[in-house]
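What follows is input-v3.pdb (PDB, C-alpha atoms and all ligand atoms).
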```
MODEL        1
ATOM      1  CA  MET K   1     -21.597   7.498   3.603
ATOM      2  CA  PRO K   2     -17.919   6.743   2.868
ATOM      3  CA  ALA K   3     -16.316   3.799   4.657
ATOM      4  CA  VAL K   4     -13.436   6.081   5.618
ATOM      5  CA  SER K   5     -13.316   9.848   5.321
ATOM      6  CA  PHE K   6     -10.059  11.711   5.931
ATOM      7  CA  GLN K   7     -10.928  15.389   6.240
ATOM      8  CA  ALA K   8      -8.136  17.950   6.010
ATOM      9  CA  ILE K   9      -5.722  15.816   7.976
ATOM     10  CA  SER K  10      -2.432  17.419   8.935
ATOM     11  CA  LYS K  11       0.173  15.999  11.263
ATOM     12  CA  THR K  12       3.246  17.727  12.617
ATOM     13  CA  PHE K  13       5.771  15.852  14.746
ATOM     14  CA  ALA K  14       7.978  17.608  17.244
ATOM     15  CA  THR K  15      11.542  16.509  16.503
ATOM     16  CA  PRO K  16      14.910  17.552  17.949
ATOM     17  CA  LYS K  17      15.452  19.576  14.757
ATOM     18  CA  GLY K  18      12.118  21.343  15.172
ATOM     19  CA  PRO K  19       8.596  20.627  13.929
ATOM     20  CA  PHE K  20       8.269  18.245  10.998
ATOM     21  CA  GLN K  21       5.076  18.146   8.943
ATOM     22  CA  ALA K  22       4.404  14.546   7.940
ATOM     23  CA  LEU K  23       0.893  15.146   6.543
ATOM     24  CA  ASN K  24      -0.426  18.280   4.914
ATOM     25  CA  GLN K  25      -4.186  18.704   4.409
ATOM     26  CA  VAL K  26      -5.019  15.189   3.281
ATOM     27  CA  ASN K  27      -8.591  14.876   2.005
ATOM     28  CA  LEU K  28      -9.659  11.416   0.944
ATOM     29  CA  ASP K  29     -12.902   9.440   0.939
ATOM     30  CA  ILE K  30     -12.843   5.671   0.575
ATOM     31  CA  GLU K  31     -16.226   4.306  -0.408
ATOM     32  CA  GLU K  32     -17.892   1.150   0.872
ATOM     33  CA  GLY K  33     -16.664  -1.956  -0.895
ATOM     34  CA  GLU K  34     -13.630  -0.361  -2.530
ATOM     35  CA  PHE K  35     -10.234  -2.025  -2.803
ATOM     36  CA  PHE K  36      -8.208   1.132  -2.364
ATOM     37  CA  GLY K  37      -4.450   1.558  -2.688
ATOM     38  CA  LEU K  38      -2.435   4.202  -0.860
ATOM     39  CA  LEU K  39       0.968   4.433  -2.516
ATOM     40  CA  GLY K  40       3.996   6.582  -1.918
ATOM     41  CA  PRO K  41       7.731   6.380  -1.353
ATOM     42  CA  ASN K  42       9.227   5.701   2.068
ATOM     43  CA  GLY K  43       8.511   8.581   4.388
ATOM     44  CA  ALA K  44       5.546   9.870   2.358
ATOM     45  CA  GLY K  45       3.249   9.597   5.403
ATOM     46  CA  LYS K  46       1.287   6.399   4.689
ATOM     47  CA  THR K  47       1.840   4.796   8.091
ATOM     48  CA  THR K  48       1.180   8.108   9.837
ATOM     49  CA  LEU K  49      -2.164   8.394   8.045
ATOM     50  CA  ILE K  50      -3.081   4.820   8.942
ATOM     51  CA  SER K  51      -2.025   5.339  12.566
ATOM     52  CA  ILE K  52      -4.362   8.323  12.750
ATOM     53  CA  LEU K  53      -7.155   6.230  11.220
ATOM     54  CA  ALA K  54      -6.523   3.460  13.749
ATOM     55  CA  GLY K  55      -6.531   5.949  16.629
ATOM     56  CA  LEU K  56      -2.883   5.160  17.424
ATOM     57  CA  ALA K  57      -1.788   8.713  16.668
ATOM     58  CA  ARG K  58      -3.611  12.004  16.845
ATOM     59  CA  ALA K  59      -3.936  14.337  13.874
ATOM     60  CA  SER K  60      -2.665  17.865  14.522
ATOM     61  CA  SER K  61      -5.760  19.064  12.687
ATOM     62  CA  GLY K  62      -8.620  17.635  10.678
ATOM     63  CA  ARG K  63     -10.713  14.594  11.432
ATOM     64  CA  VAL K  64     -11.266  11.005  10.333
ATOM     65  CA  LEU K  65     -14.648   9.310  10.165
ATOM     66  CA  VAL K  66     -15.090   5.543   9.941
ATOM     67  CA  GLN K  67     -18.585   4.852   8.607
ATOM     68  CA  GLY K  68     -19.524   8.151  10.174
ATOM     69  CA  SER K  69     -17.857   7.513  13.551
ATOM     70  CA  ASP K  70     -15.143   9.980  14.534
ATOM     71  CA  VAL K  71     -11.935   8.120  15.457
ATOM     72  CA  GLN K  72     -11.350  10.510  18.351
ATOM     73  CA  ALA K  73     -14.808  11.230  19.733
ATOM     74  CA  ASP K  74     -16.165   7.750  18.984
ATOM     75  CA  PHE K  75     -13.014   5.708  19.380
ATOM     76  CA  ALA K  76     -14.494   2.351  20.393
ATOM     77  CA  GLU K  77     -17.141   2.427  17.681
ATOM     78  CA  ALA K  78     -14.669   3.468  14.970
ATOM     79  CA  ARG K  79     -12.068   0.934  16.107
ATOM     80  CA  ARG K  80     -14.551  -1.939  16.028
ATOM     81  CA  LYS K  81     -15.253  -1.284  12.357
ATOM     82  CA  LEU K  82     -11.565  -1.519  11.476
ATOM     83  CA  GLY K  83      -9.189  -4.445  11.153
ATOM     84  CA  VAL K  84      -5.696  -3.009  11.029
ATOM     85  CA  VAL K  85      -2.604  -4.990  10.049
ATOM     86  CA  PRO K  86       0.298  -2.816  11.217
ATOM     87  CA  GLN K  87       3.536  -2.402   9.302
ATOM     88  CA  GLU K  88       5.652  -3.330  12.321
ATOM     89  CA  LEU K  89       5.554  -6.891  13.672
ATOM     90  CA  VAL K  90       4.148  -6.408  17.162
ATOM     91  CA  PHE K  91       2.946  -9.390  19.156
ATOM     92  CA  ASP K  92       2.793 -10.854  22.591
ATOM     93  CA  PRO K  93       5.478 -13.548  22.853
ATOM     94  CA  PHE K  94       3.855 -15.437  25.729
ATOM     95  CA  PHE K  95       0.849 -16.864  23.935
ATOM     96  CA  ASN K  96       0.349 -19.389  21.218
ATOM     97  CA  VAL K  97      -1.384 -18.489  17.993
ATOM     98  CA  ARG K  98      -4.872 -19.628  18.963
ATOM     99  CA  GLU K  99      -4.634 -17.974  22.378
ATOM    100  CA  SER K 100      -3.562 -14.700  20.781
ATOM    101  CA  LEU K 101      -6.594 -14.785  18.527
ATOM    102  CA  ARG K 102      -8.935 -15.606  21.414
ATOM    103  CA  ILE K 103      -7.502 -12.730  23.464
ATOM    104  CA  GLN K 104      -7.912 -10.382  20.527
ATOM    105  CA  SER K 105     -11.549 -11.530  20.174
ATOM    106  CA  GLY K 106     -11.969 -10.717  23.838
ATOM    107  CA  TYR K 107     -10.745  -7.147  23.328
ATOM    108  CA  PHE K 108     -13.613  -6.646  20.923
ATOM    109  CA  GLY K 109     -16.109  -8.425  23.152
ATOM    110  CA  VAL K 110     -16.603 -11.248  20.634
ATOM    111  CA  LYS K 111     -17.440 -14.525  22.398
ATOM    112  CA  ASN K 112     -17.442 -18.108  21.077
ATOM    113  CA  ASN K 113     -15.342 -17.130  18.101
ATOM    114  CA  ASP K 114     -13.596 -20.470  17.519
ATOM    115  CA  ALA K 115     -15.358 -21.312  14.266
ATOM    116  CA  TRP K 116     -14.210 -18.041  12.681
ATOM    117  CA  ILE K 117     -10.748 -18.396  14.235
ATOM    118  CA  ASP K 118     -10.466 -21.840  12.623
ATOM    119  CA  GLU K 119     -11.507 -20.389   9.293
ATOM    120  CA  LEU K 120      -8.906 -17.630   9.591
ATOM    121  CA  LEU K 121      -6.193 -20.138  10.488
ATOM    122  CA  GLU K 122      -7.182 -22.309   7.543
ATOM    123  CA  ASN K 123      -7.316 -19.461   5.028
ATOM    124  CA  LEU K 124      -4.003 -18.012   6.138
ATOM    125  CA  GLY K 125      -2.200 -21.362   6.152
ATOM    126  CA  LEU K 126      -1.793 -21.279   9.943
ATOM    127  CA  THR K 127      -3.707 -24.398  10.969
ATOM    128  CA  ASP K 128      -0.472 -26.309  11.694
ATOM    129  CA  LYS K 129       0.774 -23.470  13.854
ATOM    130  CA  ALA K 130      -2.336 -22.980  15.998
ATOM    131  CA  ASN K 131      -0.553 -24.254  19.099
ATOM    132  CA  ALA K 132       2.873 -22.832  18.338
ATOM    133  CA  ASN K 133       4.176 -20.111  20.564
ATOM    134  CA  MET K 134       4.410 -16.714  18.884
ATOM    135  CA  ARG K 135       8.141 -16.567  19.691
ATOM    136  CA  GLN K 136       8.781 -19.671  17.615
ATOM    137  CA  LEU K 137       7.262 -18.337  14.405
ATOM    138  CA  SER K 138       9.200 -17.034  11.428
ATOM    139  CA  GLY K 139       8.646 -13.443  10.315
ATOM    140  CA  GLY K 140       6.282 -14.524   7.554
ATOM    141  CA  MET K 141       4.227 -16.646   9.968
ATOM    142  CA  LYS K 142       4.016 -13.768  12.459
ATOM    143  CA  ARG K 143       2.766 -11.568   9.637
ATOM    144  CA  ARG K 144      -0.003 -14.109   8.970
ATOM    145  CA  VAL K 145      -0.987 -14.041  12.643
ATOM    146  CA  LEU K 146      -1.152 -10.237  12.535
ATOM    147  CA  VAL K 147      -3.539 -10.515   9.613
ATOM    148  CA  ALA K 148      -5.669 -13.046  11.492
ATOM    149  CA  GLN K 149      -5.672 -10.776  14.564
ATOM    150  CA  ALA K 150      -6.873  -7.854  12.482
ATOM    151  CA  LEU K 151      -9.763  -9.904  11.110
ATOM    152  CA  VAL K 152     -10.805 -11.710  14.258
ATOM    153  CA  HIS K 153     -13.808  -9.448  14.916
ATOM    154  CA  LYS K 154     -14.954  -9.521  11.264
ATOM    155  CA  PRO K 155     -14.434  -5.808  10.684
ATOM    156  CA  PRO K 156     -16.182  -4.289   7.652
ATOM    157  CA  ILE K 157     -13.040  -2.305   6.813
ATOM    158  CA  ILE K 158      -9.643  -3.978   6.453
ATOM    159  CA  VAL K 159      -6.508  -1.843   6.555
ATOM    160  CA  LEU K 160      -3.176  -3.391   5.540
ATOM    161  CA  ASP K 161       0.045  -1.382   5.923
ATOM    162  CA  GLU K 162       2.709  -2.966   3.707
ATOM    163  CA  PRO K 163       1.538  -6.494   4.524
ATOM    164  CA  THR K 164       3.824  -8.088   1.954
ATOM    165  CA  ALA K 165       7.045  -6.209   2.706
ATOM    166  CA  GLY K 166       9.750  -8.868   2.900
ATOM    167  CA  VAL K 167       7.432 -11.870   2.852
ATOM    168  CA  ASP K 168       7.652 -14.864   0.574
ATOM    169  CA  VAL K 169       5.695 -15.351  -2.625
ATOM    170  CA  GLU K 170       3.520 -18.046  -1.091
ATOM    171  CA  LEU K 171       2.265 -15.760   1.678
ATOM    172  CA  ARG K 172       1.664 -12.955  -0.787
ATOM    173  CA  GLN K 173      -0.521 -15.244  -2.853
ATOM    174  CA  THR K 174      -2.355 -16.714   0.148
ATOM    175  CA  LEU K 175      -2.955 -13.257   1.530
ATOM    176  CA  TRP K 176      -4.181 -11.707  -1.709
ATOM    177  CA  HIS K 177      -6.451 -14.615  -2.410
ATOM    178  CA  PHE K 178      -8.063 -14.249   0.997
ATOM    179  CA  VAL K 179      -8.251 -10.457   1.039
ATOM    180  CA  ALA K 180      -9.704 -10.392  -2.490
ATOM    181  CA  ARG K 181     -12.368 -12.853  -1.352
ATOM    182  CA  LEU K 182     -13.250 -10.701   1.662
ATOM    183  CA  ASN K 183     -13.458  -7.670  -0.627
ATOM    184  CA  LYS K 184     -15.835  -9.569  -2.961
ATOM    185  CA  GLU K 185     -17.941 -10.396   0.058
ATOM    186  CA  GLY K 186     -18.317  -6.675   0.736
ATOM    187  CA  HIS K 187     -15.396  -5.704   2.971
ATOM    188  CA  THR K 188     -13.715  -2.417   2.164
ATOM    189  CA  VAL K 189      -9.931  -2.744   1.816
ATOM    190  CA  LEU K 190      -7.316  -0.034   2.268
ATOM    191  CA  LEU K 191      -3.845  -1.184   1.299
ATOM    192  CA  THR K 192      -0.420   0.401   1.289
ATOM    193  CA  THR K 193       2.286  -1.423  -0.584
ATOM    194  CA  HIS K 194       5.625  -0.967  -2.253
ATOM    195  CA  TYR K 195       4.770  -3.628  -4.786
ATOM    196  CA  LEU K 196       3.170  -1.621  -7.531
ATOM    197  CA  GLU K 197       2.249  -4.663  -9.584
ATOM    198  CA  GLU K 198       0.181  -5.859  -6.616
ATOM    199  CA  ALA K 199      -1.566  -2.507  -6.383
ATOM    200  CA  GLU K 200      -2.168  -2.490 -10.138
ATOM    201  CA  ALA K 201      -3.702  -5.960 -10.009
ATOM    202  CA  LEU K 202      -5.804  -5.481  -6.879
ATOM    203  CA  CYS K 203      -6.801  -1.868  -6.358
ATOM    204  CA  GLY K 204      -9.730  -0.272  -8.153
ATOM    205  CA  ARG K 205      -8.643   3.189  -7.071
ATOM    206  CA  ILE K 206      -5.344   4.610  -5.974
ATOM    207  CA  ALA K 207      -4.043   7.657  -4.138
ATOM    208  CA  MET K 208      -0.386   8.595  -4.355
ATOM    209  CA  LEU K 209       1.126  10.394  -1.438
ATOM    210  CA  LYS K 210       4.309  12.457  -1.668
ATOM    211  CA  SER K 211       5.796  14.380   1.254
ATOM    212  CA  GLY K 212       2.500  14.248   3.126
ATOM    213  CA  GLN K 213       0.308  15.429   0.266
ATOM    214  CA  ILE K 214      -1.913  13.597  -2.177
ATOM    215  CA  VAL K 215      -0.444  14.139  -5.630
ATOM    216  CA  ALA K 216      -2.635  11.734  -7.614
ATOM    217  CA  LEU K 217      -6.028  10.207  -6.948
ATOM    218  CA  ASN K 218      -7.997   8.245  -9.469
ATOM    219  CA  ARG K 219      -9.218   4.888 -10.660
ATOM    220  CA  THR K 220      -6.277   2.630 -11.437
ATOM    221  CA  SER K 221      -7.414   2.262 -15.052
ATOM    222  CA  GLU K 222      -7.592   6.051 -15.484
ATOM    223  CA  LEU K 223      -4.140   6.527 -14.024
ATOM    224  CA  LEU K 224      -2.766   3.981 -16.466
ATOM    225  CA  GLN K 225      -4.549   5.568 -19.421
ATOM    226  CA  ALA K 226      -3.450   9.074 -18.512
ATOM    227  CA  ALA K 227       0.207   8.032 -18.398
ATOM    228  CA  SER K 228       2.056   9.553 -21.272
ATOM    229  CA  GLY K 229       4.296   7.921 -23.837
ATOM    230  CA  SER K 230       5.671   4.403 -24.035
ATOM    231  CA  ILE K 231       8.367   2.325 -22.457
ATOM    232  CA  LEU K 232      11.162   0.811 -24.519
ATOM    233  CA  GLN K 233      12.196  -2.327 -22.682
ATOM    234  CA  PHE K 234      15.032  -4.736 -23.470
ATOM    235  CA  LYS K 235      17.736  -6.897 -21.942
ATOM    236  CA  THR K 236      21.425  -6.255 -22.248
ATOM    237  CA  ASP K 237      24.728  -7.215 -20.638
ATOM    238  CA  ALA K 238      26.450  -4.057 -21.856
ATOM    239  CA  ALA K 239      26.764  -0.698 -20.137
ATOM    240  CA  LEU K 240      24.429   1.998 -21.465
ATOM    241  CA  PRO K 241      25.721   5.278 -22.900
ATOM    242  CA  PRO K 242      25.588   7.905 -20.111
ATOM    243  CA  ALA K 243      22.648   9.883 -21.525
ATOM    244  CA  LEU K 244      20.489   6.755 -21.639
ATOM    245  CA  ALA K 245      21.733   5.469 -18.280
ATOM    246  CA  MET K 246      20.431   8.672 -16.665
ATOM    247  CA  ALA K 247      16.934   8.153 -18.066
ATOM    248  CA  ALA K 248      16.723   4.386 -17.657
ATOM    249  CA  ARG K 249      15.307   2.176 -14.959
ATOM    250  CA  VAL K 250      17.677  -0.778 -14.716
ATOM    251  CA  THR K 251      16.863  -4.011 -12.873
ATOM    252  CA  GLY K 252      19.668  -6.514 -13.395
ATOM    253  CA  ARG K 253      19.794  -7.092 -17.157
ATOM    254  CA  ILE K 254      16.423  -5.455 -17.795
ATOM    255  CA  VAL K 255      16.461  -1.873 -19.022
ATOM    256  CA  GLN K 256      13.330   0.277 -19.244
ATOM    257  CA  LEU K 257      13.497   3.596 -21.025
ATOM    258  CA  PRO K 258      10.577   6.035 -21.069
ATOM    259  CA  ALA K 259       9.883   7.657 -24.425
ATOM    260  CA  HIS K 260       7.401  10.428 -25.192
ATOM    261  CA  ASP K 261       6.832   9.455 -28.807
ATOM    262  CA  ALA K 262       8.077   7.359 -31.721
ATOM    263  CA  ALA K 263      10.863   9.834 -32.489
ATOM    264  CA  GLU K 264      12.289   9.426 -29.000
ATOM    265  CA  ILE K 265      12.177   5.638 -29.331
ATOM    266  CA  GLU K 266      14.126   5.989 -32.587
ATOM    267  CA  SER K 267      16.694   8.228 -30.957
ATOM    268  CA  HIS K 268      17.105   5.772 -28.044
ATOM    269  CA  LEU K 269      17.665   2.947 -30.529
ATOM    270  CA  ALA K 270      20.127   5.052 -32.525
ATOM    271  CA  ALA K 271      22.087   5.873 -29.363
ATOM    272  CA  LEU K 272      22.246   2.168 -28.515
ATOM    273  CA  ARG K 273      23.426   1.305 -32.026
ATOM    274  CA  VAL K 274      26.118   4.005 -32.014
ATOM    275  CA  ALA K 275      27.363   2.779 -28.623
ATOM    276  CA  GLY K 276      27.392  -0.806 -29.929
ATOM    277  CA  VAL K 277      25.052  -2.022 -27.171
ATOM    278  CA  GLU K 278      23.608  -5.403 -28.052
ATOM    279  CA  VAL K 279      19.970  -5.732 -26.986
ATOM    280  CA  HIS K 280      17.715  -8.772 -26.543
ATOM    281  CA  ASP K 281      13.984  -9.343 -26.080
ATOM    282  CA  MET K 282      13.145  -5.802 -27.052
ATOM    283  CA  GLU K 283       9.566  -4.599 -26.692
ATOM    284  CA  ILE K 284       7.665  -1.348 -26.625
ATOM    285  CA  ARG K 285       4.885  -1.282 -24.067
ATOM    286  CA  ARG K 286       2.385   1.015 -22.408
ATOM    287  CA  PRO K 287       3.477   2.430 -19.047
ATOM    288  CA  ASP K 288       2.479   0.265 -16.087
ATOM    289  CA  LEU K 289       1.651   1.518 -12.610
ATOM    290  CA  GLU K 290       5.314   1.634 -11.629
ATOM    291  CA  ASP K 291       6.026   3.941 -14.576
ATOM    292  CA  VAL K 292       3.027   6.110 -13.654
ATOM    293  CA  PHE K 293       4.246   6.220 -10.061
ATOM    294  CA  LEU K 294       7.730   7.312 -11.149
ATOM    295  CA  GLN K 295       6.255   9.963 -13.461
ATOM    296  CA  VAL K 296       4.048  11.313 -10.674
ATOM    297  CA  MET K 297       6.807  11.289  -8.074
ATOM    298  CA  SER K 298       9.300  13.027 -10.341
ATOM    299  CA  GLY K 299       6.647  15.621 -11.156
ATOM    300  CA  THR K 300       6.913  14.984 -14.889
ATOM    301  CA  SER K 301       3.283  14.139 -15.361
ATOM    302  CA  ALA K 302       1.381  15.861 -12.592
ATOM    303  CA  SER K 303      -0.598  17.796 -15.189
ATOM    304  CA  ASN K 304      -1.983  14.772 -16.972
ATOM    305  CA  ILE K 305      -2.781  12.744 -13.873
ATOM    306  CA  PRO K 306      -6.313  13.848 -13.071
ATOM    307  CA  LEU K 307      -6.818  14.744  -9.458
ATOM    308  CA  GLU K 308     -10.364  14.053  -8.558
ATOM    309  CA  GLY K 309     -12.296  13.716  -5.374
ATOM    310  CA  VAL K 310     -15.036  11.141  -5.728
ATOM    311  CA  ALA K 311     -14.402   9.062  -8.819
ATOM    312  CA  LEU K 312     -16.056   5.681  -8.529
TER     313      LEU K 312
HETATM  314  N1  LIG D 401       6.917   9.657  15.810
HETATM  315  C1  LIG D 401       7.545  10.372  14.866
HETATM  316  N2  LIG D 401       8.327  11.419  15.182
HETATM  317  C2  LIG D 401       8.930  12.144  14.220
HETATM  318  N3  LIG D 401       8.832  11.902  12.905
HETATM  319  C3  LIG D 401       8.084  10.856  12.524
HETATM  320  C4  LIG D 401       7.393  10.038  13.483
HETATM  321  N4  LIG D 401       6.707   9.077  12.800
HETATM  322  C5  LIG D 401       6.957   9.296  11.496
HETATM  323  N5  LIG D 401       7.777  10.361  11.321
HETATM  324  C6  LIG D 401       8.255  10.901  10.047
HETATM  325  O1  LIG D 401       7.130  11.198   9.246
HETATM  326  C7  LIG D 401       7.380  10.868   7.881
HETATM  327  C8  LIG D 401       6.326   9.890   7.401
HETATM  328  O2  LIG D 401       6.579   8.617   8.000
HETATM  329  P1  LIG D 401       5.654   7.373   7.698
HETATM  330  O3  LIG D 401       4.236   7.763   7.876
HETATM  331  O4  LIG D 401       6.159   6.230   8.484
HETATM  332  O5  LIG D 401       5.938   7.161   6.134
HETATM  333  P2  LIG D 401       5.619   5.906   5.196
HETATM  334  O6  LIG D 401       4.768   4.941   5.955
HETATM  335  O7  LIG D 401       4.933   6.507   4.000
HETATM  336  O8  LIG D 401       6.952   5.333   4.823
HETATM  337  C9  LIG D 401       8.784  10.325   7.834
HETATM  338  O9  LIG D 401       9.658  11.368   7.448
HETATM  339  C10 LIG D 401       9.048   9.885   9.237
HETATM  340  O10 LIG D 401      10.418   9.960   9.551
HETATM  341 MG    MG D 402       5.005   2.983   6.393
ENDMDL
END
```
Once more with this new file: its structure as structure tokens, please.
Amino acid sequence: MPAVSFQAISKTFATPKGPFQALNQVNLDIEEGEFFGLLGPNGAGKTTLISILAGLARASSGRVLVQGSDVQADFAEARRKLGVVPQELVFDPFFNVRESLRIQSGYFGVKNNDAWIDELLENLGLTDKANANMRQLSGGMKRRVLVAQALVHKPPIIVLDEPTAGVDVELRQTLWHFVARLNKEGHTVLLTTHYLEEAEALCGRIAMLKSGQIVALNRTSELLQAASGSILQFKTDAALPPALAMAARVTGRIVQLPAHDAAEIESHLAALRVAGVEVHDMEIRRPDLEDVFLQVMSGTSASNIPLEGVAL
């Protein structure tokens, strides 16, 4: 039985401009024990899908099962199996950190939970803040509390919606260390993130969502292998010739240029030479997950990204 089974999920919102379809026939099974990544640009429908899973929004059609429990018909049972860290920072400002976690335990009917609460505080670097009021915490600290709240009832399935958006490196490392440990101990993890290097490092399998539809679904290693061509990467302070600038991904001084084959690498280098662009630290590398993502989203490699249902 899958940990989570999305079955033909569609969602249409009523908006002032008329109906808007945020999800279109999403079929996806996440197996027990997976570390699964759900990727997609802003607005792709990731949070909508997670809200439907968490029972916070209703699908227009289709159904979601959590270890066999329907999130609508069997809400309490399904909800108890899930620990959801929402994308938005929502919290009750009147309580301190420990009180919030005790209250959350109470919602799930878990009594005498202080030993586990202490362990959560410790593992998330919150021990010092146990008695601090939620209002007084920085954004990053609030994010940690949200993670602790999601885990307070020891759910078998952990769902994280952009948990590292805008948080510092230290929290990212603390969080990944802890979540990876929980996954090793048997918890299923469903993660959405904008940080593709995190997804590449952590997720065994990945689905890419675009405009409410799954456009790629496979093991991370397969996605990387199926990516075509190479990336010519270098540093420069000069402006690129227009033809190259159009094709390049530029981050500060770092330029990354996709190339289908050796001939295209040669022609890129020739264009740079003709334009008198001085390059440093040049390398040619295999595409990483960010390159694969860009290929999939631009539709340039849909054909060689295998779409498969139950690859494990
Ligand atoms: N309550 C809502 N009413 C209308 N449109 C919505 C609502 N919630 C989300 N949307 C729209 O649905 C699309 C998907 O949003 P979302 O699931 O938040 O995307 P993601 O999490 O992938 O960035 C977006 O275009 C968003 O504007
Ligand atoms: Mg979102």
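The nearest approach to Val277 (chain K) among the residues K:Ile254, K:Leu240, K:Val64, K:Met134, with all atoms listed in the file taken into account, belongs to K:Leu240.
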For this session: Please extract the residues at most 7 Å from ligand MG 402 (chain D), counting all atoms listed in the file, and provide them as a ChimeraX atom specification, using the chain letters and residue numbers of this document.
Result: /K:42-43,45-47,87,161-162
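Closest to Glu198 (chain K) among K:Gln136, K:Thr220, K:Ser211, K:Asn96 is K:Thr220, based on only C-alpha atoms.
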Problem set entry | Explicit residue set for the PyMOL selection byres (((not hetatm)) within 9 of (chain D and resi 401)), as a PyMOL selection string | chain K and resi 11-16+19-23+39-51+57+87+161-162+192+209-212
Seminar exercise, completed: Counting only C-alpha atoms, the residue among K:Ala275, K:Ala150, K:Gly229, K:Pro258 that lies closest to Pro241 (chain K) is K:Ala275
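Nearest to Leu56 (chain K) of all the residues K:Pro86, K:Gly166, K:Gly125, K:Gly204 is K:Pro86, counting all atoms listed in the file.
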For this session: Return as a count of residues only the set of residues that the PyMOL selection byres (((chain K and resi 143) around 12) and not hetatm) yields on the displayed structure.
Result: 38
Seminar exercise, completed: Between CA of Ala207 (chain K) and CA of Leu38 (chain K) lies a distance of 5.0 Å
Exercise. Which residue, K:Val152, K:Ala247, K:Ala263, K:Ala227, has the smallest gap to Pro287 (chain K) when you use all atoms listed in the file?
Worked result: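 Once distances to Pro287 (chain K) are computed over all atoms listed in the file, the minimum belongs to K:Ala227.
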Problem set entry | Among listed residues K:Leu232, K:Val292, K:Val215, K:Ala78, nearest Glu200 (chain K) (using all atoms listed in the file) |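 The shortest atom-to-atom distance to Glu200 (chain K) comes from K:Val292.
For the atom pair formed by CA of Val179 (chain K) and CA of Leu53 (chain K), the distance is 19.6 Å, given to one decimal.
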For this session: Please write the residues picked by the PyMOL selection byres (((chain K and resi 236) around 7) and not hetatm) on this file as an MDAnalysis selection string.
Result: chainID K and resid 234:235 237:238 253:254 278:280
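We find CA of His187 (chain K) and CA of Ser5 (chain K) to be spaced 15.9 Å apart.
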Quick one: what's the axis-aligned box for region 96-102 of chain K, all listed atoms, 5 Å on every side, centre and edges in Å to one decimal, as JSON?
```
{"center_x": -4.3, "center_y": -17.2, "center_z": 20.2, "size_x": 19.3, "size_y": 14.9, "size_z": 14.4}
```
For this session: Give as a PyMOL selection string each residue that has an atom at most 12 Å from (-11.0, -7.9, 23.4) in the file, counting only C-alpha atoms.
Result: chain K and resi 76+79-80+99-111+113+149-150+152-153
Show me, as an mmCIF file with C-alpha atoms, keeping the file's coordinate frame, the residues that have an atom within 10 Å of Glu290 (chain K) when counting all atoms listed in the file, minus same-chain residues fewer than 6 positions from it.
```
data_model
loop_
_atom_site.group_PDB
_atom_site.id
_atom_site.type_symbol
_atom_site.label_atom_id
_atom_site.label_comp_id
_atom_site.auth_asym_id
_atom_site.auth_seq_id
_atom_site.Cartn_x
_atom_site.Cartn_y
_atom_site.Cartn_z
ATOM 1 C CA HIS K 194 5.625 -0.967 -2.253
ATOM 2 C CA TYR K 195 4.770 -3.628 -4.786
ATOM 3 C CA LEU K 196 3.170 -1.621 -7.531
ATOM 4 C CA GLU K 197 2.249 -4.663 -9.584
ATOM 5 C CA ALA K 199 -1.566 -2.507 -6.383
ATOM 6 C CA GLU K 200 -2.168 -2.490 -10.138
ATOM 7 C CA LEU K 224 -2.766 3.981 -16.466
ATOM 8 C CA VAL K 296 4.048 11.313 -10.674
#
```
